[in-house]
Structures are given as C-alpha cells and as structure tokens.
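What follows is the content of entry.csv (CSV, C-alpha atoms and all ligand atoms).
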chain,number,residue,atom,x,y,z
A,2,MET,CA,113.6,101.5,42.1
A,3,LYS,CA,110.5,101.5,44.1
A,4,ILE,CA,106.8,100.7,43.7
A,5,ILE,CA,104.1,103.4,43.9
A,6,SER,CA,101.0,101.5,44.7
A,7,PHE,CA,97.7,103.3,43.9
A,8,GLY,CA,95.6,100.9,45.8
A,9,SER,CA,92.4,100.0,47.6
A,10,MET,CA,92.3,99.4,51.3
A,11,ASN,CA,89.3,97.7,52.9
A,12,ILE,CA,88.1,96.8,56.3
A,13,ASP,CA,86.5,93.4,56.0
A,14,LYS,CA,83.7,93.0,58.6
A,15,VAL,CA,83.0,89.3,58.9
A,16,TYR,CA,79.8,88.3,60.7
A,17,GLN,CA,79.2,84.7,61.8
A,18,VAL,CA,75.5,83.9,61.3
A,19,GLU,CA,73.5,80.7,61.5
A,20,ASN,CA,71.7,81.5,58.2
A,21,PHE,CA,72.0,84.5,55.9
A,22,VAL,CA,69.5,87.3,56.7
A,23,LEU,CA,66.3,87.2,54.6
A,24,PRO,CA,64.4,90.2,53.3
A,25,GLY,CA,62.6,92.0,56.1
A,26,GLU,CA,64.3,89.9,58.7
A,27,THR,CA,66.6,91.0,61.6
A,28,ILE,CA,69.1,88.5,63.0
A,29,LEU,CA,71.7,88.5,65.7
A,30,ALA,CA,75.3,87.6,64.6
A,31,ASP,CA,77.1,85.1,66.7
A,32,GLY,CA,80.4,86.9,66.3
A,33,ILE,CA,82.4,89.5,64.3
A,34,GLN,CA,85.9,89.6,63.1
A,35,LEU,CA,87.5,92.7,61.5
A,36,ASN,CA,90.2,92.0,58.9
A,37,VAL,CA,92.3,94.2,56.7
A,38,GLY,CA,91.9,93.7,53.0
A,39,GLY,CA,91.6,95.3,49.6
A,40,LYS,CA,93.7,94.3,46.7
A,41,GLY,CA,95.9,97.4,46.9
A,42,LEU,CA,96.7,96.8,50.5
A,43,ASN,CA,97.5,93.1,50.0
A,44,GLN,CA,99.7,93.9,47.0
A,45,SER,CA,101.6,96.7,48.8
A,46,VAL,CA,102.1,94.4,51.9
A,47,ALA,CA,103.4,91.6,49.7
A,48,ALA,CA,105.8,93.8,47.8
A,49,ALA,CA,107.1,95.3,51.1
A,50,ARG,CA,107.5,91.9,52.8
A,51,ALA,CA,109.4,90.9,49.6
A,52,GLY,CA,111.8,93.7,50.5
A,53,ALA,CA,110.7,96.3,48.0
A,54,CYS,CA,110.5,100.0,48.8
A,55,VAL,CA,106.7,100.6,48.5
A,56,VAL,CA,104.9,103.9,48.7
A,57,HIS,CA,101.2,103.4,49.0
A,58,ALA,CA,98.9,106.1,47.7
A,59,GLY,CA,95.2,106.2,48.5
A,60,ALA,CA,92.8,107.3,51.1
A,61,VAL,CA,91.1,106.0,54.2
A,62,GLY,CA,88.2,107.5,56.3
A,63,GLU,CA,88.4,108.4,59.9
A,64,ASP,CA,87.9,104.7,60.7
A,65,GLY,CA,91.0,103.8,58.8
A,66,ALA,CA,93.8,103.6,61.4
A,67,MET,CA,93.7,99.8,61.4
A,68,LEU,CA,94.5,99.9,57.7
A,69,THR,CA,97.4,102.3,57.9
A,70,ASP,CA,98.8,100.7,61.1
A,71,PHE,CA,98.8,97.3,59.4
A,72,MET,CA,100.6,98.6,56.3
A,73,LYS,CA,103.1,100.5,58.4
A,74,ASP,CA,103.9,97.4,60.4
A,75,ALA,CA,104.5,95.6,57.1
A,76,GLY,CA,107.1,98.2,56.1
A,77,VAL,CA,105.0,100.2,53.6
A,78,ASP,CA,105.6,103.9,53.3
A,79,ILE,CA,102.2,105.3,54.3
A,80,SER,CA,103.2,109.0,54.2
A,81,GLN,CA,101.1,109.7,51.1
A,82,ILE,CA,97.9,108.1,52.4
A,83,GLN,CA,95.2,110.7,53.0
A,84,VAL,CA,92.6,110.6,55.7
A,85,LEU,CA,89.3,111.9,54.2
A,86,PRO,CA,85.8,112.5,55.6
A,87,GLY,CA,83.6,109.5,55.2
A,88,GLN,CA,84.0,105.7,55.5
A,89,SER,CA,87.0,103.7,54.5
A,90,GLY,CA,86.4,101.1,51.9
A,91,HIS,CA,84.8,98.1,53.6
A,92,ALA,CA,83.1,94.8,53.1
A,93,ILE,CA,80.2,93.4,55.1
A,94,ILE,CA,80.5,89.7,55.0
A,95,GLN,CA,78.1,87.1,56.3
A,96,VAL,CA,79.5,83.6,56.9
A,97,ASP,CA,76.9,81.0,57.6
A,98,SER,CA,77.1,77.7,59.5
A,99,THR,CA,78.0,75.9,56.2
A,100,GLY,CA,80.9,78.2,55.6
A,101,HIS,CA,79.3,80.0,52.6
A,102,ASN,CA,79.5,83.7,52.4
A,103,CYS,CA,77.7,86.7,50.9
A,104,ILE,CA,79.3,90.0,50.6
A,105,ILE,CA,78.5,93.7,50.2
A,106,VAL,CA,81.5,95.9,49.2
A,107,TYR,CA,81.4,99.7,49.7
A,108,GLY,CA,84.2,101.5,47.9
A,109,GLY,CA,84.2,104.5,50.3
A,110,THR,CA,87.4,106.5,50.2
A,111,ASN,CA,88.9,104.1,47.7
A,112,ARG,CA,86.8,106.0,45.2
A,113,ASP,CA,88.0,109.5,46.2
A,114,PHE,CA,91.1,109.7,44.0
A,115,THR,CA,91.4,113.0,42.2
A,116,LYS,CA,93.6,114.0,39.3
A,117,GLU,CA,95.4,116.6,41.5
A,118,TYR,CA,96.3,114.0,44.1
A,119,ILE,CA,97.5,111.5,41.5
A,120,ASP,CA,99.7,114.2,39.9
A,121,LYS,CA,101.1,115.3,43.2
A,122,VAL,CA,102.1,111.7,44.2
A,123,LEU,CA,103.6,110.9,40.8
A,124,THR,CA,105.6,114.2,40.4
A,125,GLU,CA,106.8,114.3,44.0
A,126,LYS,CA,107.5,110.6,44.5
A,127,GLY,CA,108.1,109.2,41.0
A,128,GLU,CA,111.7,108.6,39.8
A,129,PRO,CA,112.8,107.1,36.5
A,130,GLY,CA,112.3,103.3,36.5
A,131,ASP,CA,109.8,103.3,39.4
A,132,VAL,CA,106.8,101.0,38.9
A,133,VAL,CA,103.3,102.4,39.4
A,134,LEU,CA,100.9,99.7,40.3
A,135,MET,CA,97.1,99.8,40.3
A,136,GLN,CA,94.1,97.5,40.3
A,137,TYR,CA,90.5,98.4,39.4
A,138,GLU,CA,89.1,98.8,42.9
A,139,VAL,CA,89.9,102.5,42.8
A,140,ASN,CA,88.6,105.3,40.6
A,141,GLU,CA,90.6,107.4,38.0
A,142,VAL,CA,92.5,104.4,36.8
A,143,PRO,CA,92.7,105.6,33.1
A,144,TYR,CA,94.3,108.8,34.3
A,145,MET,CA,96.8,107.0,36.6
A,146,ILE,CA,97.9,104.9,33.7
A,147,ARG,CA,98.2,107.8,31.3
A,148,ARG,CA,100.0,110.1,33.6
A,149,ALA,CA,102.5,107.5,35.0
A,150,HIS,CA,103.4,106.6,31.4
A,151,GLU,CA,103.8,110.3,30.4
A,152,LEU,CA,106.1,110.8,33.3
A,153,GLY,CA,108.3,107.9,32.1
A,154,LEU,CA,107.4,105.6,34.9
A,155,LYS,CA,106.6,101.9,34.4
A,156,VAL,CA,102.9,100.9,34.7
A,157,ALA,CA,101.8,97.6,36.2
A,158,PHE,CA,98.1,96.9,35.9
A,159,ASN,CA,96.1,94.2,37.6
A,160,PRO,CA,92.6,94.6,36.0
A,161,SER,CA,90.7,93.3,39.0
A,162,PRO,CA,87.7,93.4,39.3
A,163,ILE,CA,87.4,93.2,35.5
A,164,PRO,CA,86.5,96.6,34.0
A,165,LYS,CA,83.0,96.6,32.4
A,166,SER,CA,84.5,98.4,29.4
A,167,MET,CA,88.2,98.6,28.4
A,168,GLU,CA,87.4,101.5,26.0
A,169,ASP,CA,88.7,104.4,28.1
A,170,LEU,CA,91.7,102.4,29.5
A,171,PRO,CA,95.0,103.3,27.7
A,172,LEU,CA,96.2,99.8,27.9
A,173,ASP,CA,98.9,100.5,25.3
A,174,CYS,CA,100.7,102.4,28.1
A,175,VAL,CA,100.8,99.4,30.4
A,176,ASP,CA,104.3,97.8,30.8
A,177,TYR,CA,103.3,94.9,33.0
A,178,PHE,CA,99.9,93.1,32.9
A,179,ILE,CA,99.4,90.9,36.0
A,180,VAL,CA,96.3,88.9,35.2
A,181,ASN,CA,94.7,85.7,36.4
A,182,GLU,CA,93.0,83.4,33.9
A,183,VAL,CA,89.6,85.2,33.9
A,184,GLU,CA,91.1,88.7,33.7
A,185,GLY,CA,93.5,87.5,31.0
A,186,ALA,CA,90.7,86.1,28.8
A,187,ALA,CA,88.7,89.3,29.3
A,188,ILE,CA,91.5,91.6,28.2
A,189,ALA,CA,92.3,89.3,25.3
A,190,GLY,CA,88.6,89.5,24.3
A,191,ILE,CA,88.0,85.8,24.5
A,192,GLN,CA,84.5,84.7,25.5
A,193,GLU,CA,84.8,80.9,25.4
A,194,ALA,CA,85.0,79.0,28.8
A,195,ASN,CA,88.3,77.2,29.5
A,196,PRO,CA,90.3,78.6,26.5
A,197,ASP,CA,93.8,77.4,25.7
A,198,TYR,CA,95.8,79.7,28.0
A,199,LYS,CA,98.9,79.5,25.8
A,200,LYS,CA,96.7,81.1,23.1
A,201,VAL,CA,95.4,83.7,25.6
A,202,LEU,CA,99.1,84.6,26.3
A,203,GLU,CA,99.8,84.9,22.6
A,204,ILE,CA,96.8,87.1,21.9
A,205,LEU,CA,97.8,89.4,24.8
A,206,SER,CA,101.3,89.7,23.7
A,207,GLU,CA,100.3,90.4,20.1
A,208,LYS,CA,97.9,93.1,21.3
A,209,TYR,CA,100.5,94.6,23.7
A,210,PRO,CA,103.9,93.6,22.2
A,211,ALA,CA,105.9,96.0,24.4
A,212,ALA,CA,104.4,94.7,27.7
A,213,VAL,CA,105.4,91.9,29.9
A,214,ILE,CA,102.4,89.6,30.4
A,215,VAL,CA,102.1,87.6,33.6
A,216,LEU,CA,99.1,85.2,33.4
A,217,THR,CA,98.5,83.3,36.6
A,218,LEU,CA,96.5,80.1,36.4
A,219,GLY,CA,95.7,79.2,40.0
A,220,ASP,CA,96.9,75.7,40.8
A,221,ALA,CA,98.0,75.3,37.2
A,222,GLY,CA,100.9,77.7,37.8
A,223,VAL,CA,101.8,80.7,35.7
A,224,LEU,CA,102.7,81.7,32.1
A,225,CYS,CA,104.7,84.8,31.2
A,226,LYS,CA,105.8,86.4,28.0
A,227,LYS,CA,108.3,89.2,27.5
A,228,GLY,CA,109.1,89.9,23.8
A,229,GLU,CA,109.8,86.7,22.1
A,230,GLU,CA,110.6,84.8,25.3
A,231,THR,CA,107.9,82.6,27.0
A,232,TYR,CA,108.4,81.4,30.6
A,233,THR,CA,106.4,79.0,32.7
A,234,HIS,CA,106.5,78.1,36.4
A,235,ASP,CA,104.6,75.3,38.2
A,236,ILE,CA,103.0,75.7,41.6
A,237,TYR,CA,104.7,74.5,44.7
A,238,ARG,CA,102.4,71.9,46.1
A,239,VAL,CA,100.9,72.8,49.5
A,240,LYS,CA,97.8,71.9,51.4
A,241,ALA,CA,95.5,74.7,50.3
A,242,VAL,CA,93.9,76.3,53.3
A,243,ASP,CA,92.8,79.7,52.0
A,244,THR,CA,93.5,80.9,48.5
A,245,THR,CA,92.5,84.5,49.2
A,246,ALA,CA,95.3,86.9,48.3
A,247,ALA,CA,97.2,84.3,46.2
A,248,GLY,CA,97.1,86.5,43.2
A,249,ASP,CA,97.9,89.7,45.2
A,250,THR,CA,100.9,87.9,46.9
A,251,PHE,CA,102.1,86.8,43.5
A,252,CYS,CA,101.8,90.3,42.1
A,253,GLY,CA,103.6,92.0,44.9
A,254,TYR,CA,106.5,89.5,45.0
A,255,PHE,CA,106.9,89.5,41.2
A,256,LEU,CA,107.2,93.3,41.0
A,257,ALA,CA,109.5,93.4,44.0
A,258,GLY,CA,111.8,91.0,42.2
A,259,LEU,CA,111.8,93.2,39.1
A,260,CYS,CA,112.6,96.2,41.2
A,261,ALA,CA,115.5,94.4,42.8
A,262,GLY,CA,116.9,93.7,39.3
A,263,GLU,CA,116.1,89.9,39.3
A,264,ASP,CA,115.4,88.2,35.9
A,265,ILE,CA,112.0,86.9,35.0
A,266,PRO,CA,112.6,83.2,36.0
A,267,LYS,CA,113.8,84.3,39.5
A,268,CYS,CA,110.8,86.6,39.9
A,269,LEU,CA,108.4,83.8,38.9
A,270,GLU,CA,110.1,81.4,41.3
A,271,MET,CA,109.9,83.7,44.3
A,272,ALA,CA,106.3,84.8,43.5
A,273,SER,CA,105.1,81.2,43.1
A,274,ALA,CA,106.7,80.1,46.4
A,275,ALA,CA,105.4,83.2,48.2
A,276,SER,CA,101.8,82.6,47.0
A,277,ALA,CA,102.0,78.9,47.8
A,278,ILE,CA,102.9,79.8,51.4
A,279,ALA,CA,100.0,82.3,51.4
A,280,VAL,CA,97.6,79.6,50.2
A,281,SER,CA,98.8,77.2,52.9
A,282,ARG,CA,97.7,79.7,55.7
A,283,PRO,CA,94.3,81.2,56.7
A,284,GLY,CA,93.5,84.8,56.0
A,285,ALA,CA,94.5,87.3,53.3
A,286,ALA,CA,97.1,89.9,54.2
A,287,PRO,CA,98.3,88.2,57.4
A,288,SER,CA,99.1,85.1,55.3
A,289,ILE,CA,101.6,86.8,53.1
A,290,PRO,CA,105.1,85.6,54.0
A,291,LEU,CA,108.3,87.5,54.6
A,292,TYR,CA,111.2,87.3,52.1
A,293,GLN,CA,113.2,85.1,54.5
A,294,GLU,CA,110.4,82.6,54.9
A,295,VAL,CA,110.2,82.3,51.1
A,296,VAL,CA,114.0,81.7,50.9
A,297,GLU,CA,113.7,79.0,53.7
A,298,PHE,CA,110.7,77.4,51.9
A,299,LEU,CA,112.6,77.1,48.7
A,300,LYS,CA,115.7,75.6,50.4
A,301,GLU,CA,113.4,72.8,51.8
A,302,ARG,CA,112.0,72.0,48.4
B,401,LIG,N1,96.4,75.7,45.4
B,401,LIG,C1,97.5,76.4,45.1
B,401,LIG,N2,98.7,75.8,45.6
B,401,LIG,C2,99.9,76.4,45.4
B,401,LIG,N3,100.0,77.6,44.7
B,401,LIG,C3,98.9,78.2,44.3
B,401,LIG,C4,97.6,77.7,44.5
B,401,LIG,N4,96.6,78.5,44.0
B,401,LIG,C5,97.3,79.6,43.5
B,401,LIG,N5,98.7,79.4,43.7
B,401,LIG,C6,99.7,80.3,43.2
B,401,LIG,O1,99.2,81.7,43.3
B,401,LIG,C7,99.3,82.2,41.9
B,401,LIG,C8,98.1,83.1,41.7
B,401,LIG,O2,96.9,82.4,41.9
B,401,LIG,P1,95.6,82.8,41.0
B,401,LIG,O3,94.5,82.0,41.5
B,401,LIG,O4,96.0,82.6,39.5
B,401,LIG,O5,95.4,84.3,41.2
B,401,LIG,P2,94.1,85.1,41.8
B,401,LIG,O6,94.1,84.9,43.2
B,401,LIG,O7,94.3,86.5,41.3
B,401,LIG,O8,92.9,84.4,41.1
B,401,LIG,C9,99.4,81.0,41.0
B,401,LIG,O9,100.0,81.3,39.8
B,401,LIG,C10,100.2,80.0,41.8
B,401,LIG,O10,101.6,80.3,41.7
B,402,MG,MG,92.3,82.3,40.9
How does this structure look as structure tokens?
Ligand SMILES: Nc1ncnc2c1ncn2[C@@H]1O[C@H](COP(=O)(O)OP(=O)(O)O)[C@@H](O)[C@H]1O
Ligand SMILES: [Mg+2]
Amino acid sequence: MKIISFGSMNIDKVYQVENFVLPGETILADGIQLNVGGKGLNQSVAAARAGACVVHAGAVGEDGAMLTDFMKDAGVDISQIQVLPGQSGHAIIQVDSTGHNCIIVYGGTNRDFTKEYIDKVLTEKGEPGDVVLMQYEVNEVPYMIRRAHELGLKVAFNPSPIPKSMEDLPLDCVDYFIVNEVEGAAIAGIQEANPDYKKVLEILSEKYPAAVIVLTLGDAGVLCKKGEETYTHDIYRVKAVDTTAAGDTFCGYFLAGLCAGEDIPKCLEMASAASAIAVSRPGAAPSIPLYQEVVEFLKER
C-alpha cells in the first residue's frame, strides 16, 4: 500500500532584519535563508523517511526545482508533480533581532489543482488500499476527498489551516482524521478554550464513527480512537529546539506505519518518537528523522 499525497510545497524565504519593516519604509535585510516547507512536502518527506512508498501530487512553478530536488532526495516519487507557469507557493518571513517573525504566505501553484489532474493521478496511480492524504493548503480539497472515496481509496485528512467553513467538505468520506488540538476542536464544533480533549475525541468519533481519529496534543501527547477502542501515547521527553513540523512528522510516520500493516499502538509509538526527534532539532523538513534513527532512539529509551 502506498500514500498518494496531494500536498502543498513552499519555498520559505527567511529574511533577518533588525526590526520589522514599517508602512512606507524600505529596509535592508542582514541575511536571507531559503528553506523548503509546506505541510504537504513535510508530510510526504516524513512518510518516505519512515519507509513508505509516497507519490506526491501537486505543482511547482519554474522556481520549484529546490522543492522537487529535496523531495526526490528524501525518496518521494515526484513523477506526478507538474511544473506550471507562475510562482511556487512561498512564504516571505521576516525574523527580527528578538527572534519574532511575521509572515506572508502566497499559495502560488499550490492553488492550481484541477479536477482533471486529480482524476488523472487517482485513476492512474491509485490501487485498492492506498491512502490519499491532503491538508488544506491546496485547492479542490472537497473534490479530492469525494473522488478518492468513490474510487475505493482511503482518505486521510489533516484540516490545516482550519477551513473557514466545513459545509462543502464531505467529511463523512474521511477514513483518518489527523488533527491537533485546535483543528480537532474546530471539526468537533467546540468553541470553548481548553476543552476536555477526551470529550473532543468522543464527539469526533460520534460524528464520524467509521473514521480513525488521531488527536495530537503537542507536549501532552496523543489520543486516538478507532471504533470502540481508545489509545493514548505520551511524548518522549526531549529538549524542544523547534516544534515546526512536529505534527507533519507525526502524520507522515503514523500513515506510513498503517501502510506497513502495523497496529495502532505501534504507529503511535513510532510517530511520537519521530516527532520528538524532529522537535529536538532546528528546522522543519530537514529535522524529520529517518526510520533507522527512530528505531535507535527507541532502543535508548
Ligand atoms: N515538546 C515536545 N516534545 C516531544 N514531543 C512533542 C513535543 N511537541 C510535540 N510533540 C509530538 O508531536 C506530536 C504533534 O505535535 P502537535 O503540536 O500536536 O502538532 P502540530 O504541529 O500539528 O500542532 C505530538 O503528539 C507529540 O507526539
Ligand atoms: Mg501544536
């Protein structure tokens, strides 16, 4: 079984500045760093490093070679990625001398999905049991979910960033919800701050009884429900250096475990360990560990 990942890919352009630019002002940056990012890219890389067969689907612009090169090096099948006119998805990030940031994200070619392209990838690449993964940084998500389900493929949805309206999303067709606490509460329709997350899990599983719910809670670990069974897993304590991509690492590792036929406790263990390692290192995609590193990490615990 493999993962077909309909996912965003971003070039993060990080500018070091003394102070954020003000209206009408022009400033010189002290430095620039280009990083690969995007939830789709991070999740595909995590699943591939976990050993899964991952076909990434999406588009980059003519500036996108650094994105596809990075994914290829990570072992992701990039044969379906299109190069389209225009700019790749990117983020302009100012980091000031106090370490704060402000960010502009431009969706670029991440927003150029068409129904024809989605159909082509699903019918040419999809095989029974395959998992089709998507987040909400790309367009045409309702169609992706519906078509993957119609074709008998498994749908994994990470609703990030949180959709403004759930109305046109066929969430009944989702087989795996991978949500953090904020996304989980939003899908459950809970408005209160700091709700009881066991209750959020119950509400989600009552709403979507056929789905597996994975509710990650940051440094409070993870809750999971499949049918009547509830599972939990604590975090592995590490010195947190950079929590970017923790959730994406978890998502990729969890789904890779499922595709390899592992049971839920094993998937939660591997995903928790992999994301703890990612948290202990700087950066997003580059911080995602290889399968063997996760195995070694667990041996030492
Ligand atoms: N400080 C941390 N130390 C160790 N593991 C962590 C830490 N923060 C997150 N994790 C792991 O990463 C998973 C996903 O993190 P979470 O913050 O819930 O996702 P997201 O990045 O989507 O907000 C958690 O369930 C946990 O296993
Ligand atoms: Mg979080």
- Step by step, measure atom-to-atom distances between ligand LIG 401 (chain B) and each residue using all atoms listed in the file, keep those at most 9 Å, then write them as a ChimeraX atom specification. /A:159,161,179-184,216-224,234-252,269-270,272-281
- So what do you get for atom CA of A:Lys267 versus atom CA of A:Phe255, distance-wise?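 Atom-to-atom, atom CA of A:Lys267 to atom CA of A:Phe255, that is 8.8 Å.
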If we count only C-alpha atoms and set the cut-off at 12 Å, which residues sit around A:Gly76, ignoring sequence neighbours fewer than 2 positions away in its own chain? Please answer as a compact mmCIF listing (two decimals) with C-alpha atoms, in the coordinates of the input.
# COMPACT_ATOMS: atom_id res chain seq x y z
CA LEU A 42 96.70 96.80 50.50
CA SER A 45 101.60 96.70 48.80
CA VAL A 46 102.10 94.40 51.90
CA ALA A 47 103.40 91.60 49.70
CA ALA A 48 105.80 93.80 47.80
CA ALA A 49 107.10 95.30 51.10
CA ARG A 50 107.50 91.90 52.80
CA ALA A 51 109.40 90.90 49.60
CA GLY A 52 111.80 93.70 50.50
CA ALA A 53 110.70 96.30 48.00
CA CYS A 54 110.50 100.00 48.80
CA VAL A 55 106.70 100.60 48.50
CA VAL A 56 104.90 103.90 48.70
CA HIS A 57 101.20 103.40 49.00
CA THR A 69 97.40 102.30 57.90
CA ASP A 70 98.80 100.70 61.10
CA PHE A 71 98.80 97.30 59.40
CA MET A 72 100.60 98.60 56.30
CA LYS A 73 103.10 100.50 58.40
CA ASP A 74 103.90 97.40 60.40
CA ASP A 78 105.60 103.90 53.30
CA ILE A 79 102.20 105.30 54.30
CA SER A 80 103.20 109.00 54.20
CA LEU A 291 108.30 87.50 54.60
- Query: atom CA of A:Gly87 and atom CA of A:Met145, how far apart in Å?
  - Reply: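 Going from atom CA of A:Met145 over to atom CA of A:Gly87, I get 22.9 Å.
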- One decimal, Å: what's the distance from atom CA of A:Pro287 over to atom CA of A:Met2, could you say?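 Atom-to-atom, atom CA of A:Pro287 to atom CA of A:Met2, that is 25.4 Å.
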- Query: Using all atoms listed in the file, which of the listed residues (A:Pro210, A:Gly39, A:Val156, A:Gly185) sits closest to ligand MG 402 (chain B)?
  - Reply: A:Gly185
- With distances taken over only C-alpha atoms, which of A:Asn43, A:Gln192, A:Gln293, A:Asn20 is nearest to A:Val96? A:Asn20
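Closest approach to A:Arg147 from the set A:Cys174, A:Leu123, A:Val213, A:Ile93 is made by A:Cys174, with distances taken over only C-alpha atoms.
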- Nearest to A:Ser166 by atom-to-atom distance, counting only C-alpha atoms, from A:Val215, A:Ile188, A:Ile146, A:Ala75: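 Distance minimum relative to A:Ser166 lands on A:Ile188.
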So that I can look at just that part, could you write stretch 226-236 of chain A with all heavy atoms, as a CSV table (one decimal), in the first residue's frame?
chain,number,residue,atom,x,y,z
A,226,LYS,N,-8.7,7.2,18.5
A,226,LYS,CA,-9.9,6.3,18.6
A,226,LYS,C,-10.2,5.6,17.3
A,226,LYS,O,-10.3,6.3,16.3
A,226,LYS,CB,-11.1,7.1,19.1
A,226,LYS,CG,-12.3,6.3,19.5
A,226,LYS,CD,-13.2,6.8,20.6
A,226,LYS,CE,-14.2,5.7,20.9
A,226,LYS,NZ,-15.2,6.1,21.8
A,227,LYS,N,-10.4,4.3,17.4
A,227,LYS,CA,-10.8,3.5,16.3
A,227,LYS,C,-11.9,2.6,16.7
A,227,LYS,O,-11.7,1.8,17.6
A,227,LYS,CB,-9.6,2.7,15.7
A,227,LYS,CG,-10.0,1.8,14.6
A,227,LYS,CD,-8.8,0.9,14.1
A,227,LYS,CE,-9.2,0.2,12.9
A,227,LYS,NZ,-8.2,-0.8,12.5
A,228,GLY,N,-13.1,2.9,16.2
A,228,GLY,CA,-14.3,2.1,16.7
A,228,GLY,C,-14.4,2.3,18.2
A,228,GLY,O,-14.5,3.5,18.7
A,229,GLU,N,-14.6,1.3,18.9
A,229,GLU,CA,-14.8,1.4,20.4
A,229,GLU,C,-13.4,1.5,21.1
A,229,GLU,O,-13.4,1.8,22.3
A,229,GLU,CB,-15.5,0.1,20.9
A,229,GLU,CG,-16.9,0.0,20.4
A,229,GLU,CD,-17.8,1.2,20.8
A,229,GLU,OE1,-17.8,1.5,22.1
A,229,GLU,OE2,-18.4,1.8,20.0
A,230,GLU,N,-12.3,1.3,20.5
A,230,GLU,CA,-11.0,1.3,21.1
A,230,GLU,C,-10.4,2.7,21.2
A,230,GLU,O,-10.4,3.4,20.2
A,230,GLU,CB,-10.0,0.4,20.3
A,230,GLU,CG,-10.2,-1.1,20.5
A,230,GLU,CD,-10.0,-1.6,21.9
A,230,GLU,OE1,-9.1,-1.1,22.6
A,230,GLU,OE2,-10.8,-2.4,22.3
A,231,THR,N,-10.0,3.1,22.4
A,231,THR,CA,-9.3,4.3,22.6
A,231,THR,C,-7.8,4.0,22.9
A,231,THR,O,-7.5,3.1,23.7
A,231,THR,CB,-9.9,5.2,23.7
A,231,THR,OG1,-11.3,5.4,23.4
A,231,THR,CG2,-9.2,6.5,23.9
A,232,TYR,N,-6.9,4.8,22.3
A,232,TYR,CA,-5.5,4.6,22.6
A,232,TYR,C,-4.9,6.0,23.0
A,232,TYR,O,-5.4,7.0,22.6
A,232,TYR,CB,-4.8,4.2,21.3
A,232,TYR,CG,-5.4,3.0,20.6
A,232,TYR,CD1,-6.4,3.1,19.7
A,232,TYR,CD2,-4.8,1.7,20.8
A,232,TYR,CE1,-7.0,2.0,19.1
A,232,TYR,CE2,-5.4,0.6,20.2
A,232,TYR,CZ,-6.4,0.8,19.3
A,232,TYR,OH,-7.0,-0.3,18.7
A,233,THR,N,-3.8,5.9,23.8
A,233,THR,CA,-3.1,7.1,24.1
A,233,THR,C,-1.6,6.9,24.0
A,233,THR,O,-1.2,5.7,24.1
A,233,THR,CB,-3.4,7.6,25.6
A,233,THR,OG1,-2.9,6.6,26.5
A,233,THR,CG2,-4.9,7.9,25.8
A,234,HIS,N,-0.8,7.9,23.8
A,234,HIS,CA,0.6,7.8,23.9
A,234,HIS,C,1.2,9.1,24.4
A,234,HIS,O,0.8,10.2,23.9
A,234,HIS,CB,1.2,7.4,22.5
A,234,HIS,CG,2.5,6.8,22.6
A,234,HIS,ND1,3.7,7.5,23.0
A,234,HIS,CD2,2.9,5.5,22.4
A,234,HIS,CE1,4.7,6.6,23.0
A,234,HIS,NE2,4.3,5.4,22.6
A,235,ASP,N,2.1,9.0,25.4
A,235,ASP,CA,2.8,10.2,25.9
A,235,ASP,C,3.9,10.6,24.9
A,235,ASP,O,4.3,9.9,24.1
A,235,ASP,CB,3.4,9.8,27.3
A,235,ASP,CG,2.3,9.7,28.3
A,235,ASP,OD1,1.2,10.2,28.2
A,235,ASP,OD2,2.6,9.0,29.3
A,236,ILE,N,4.4,11.8,25.2
A,236,ILE,CA,5.5,12.3,24.4
A,236,ILE,C,6.8,11.6,24.9
A,236,ILE,O,6.8,11.1,26.0
A,236,ILE,CB,5.7,13.8,24.5
A,236,ILE,CG1,6.0,14.3,25.9
A,236,ILE,CG2,4.6,14.5,23.8
A,236,ILE,CD1,6.6,15.6,26.0
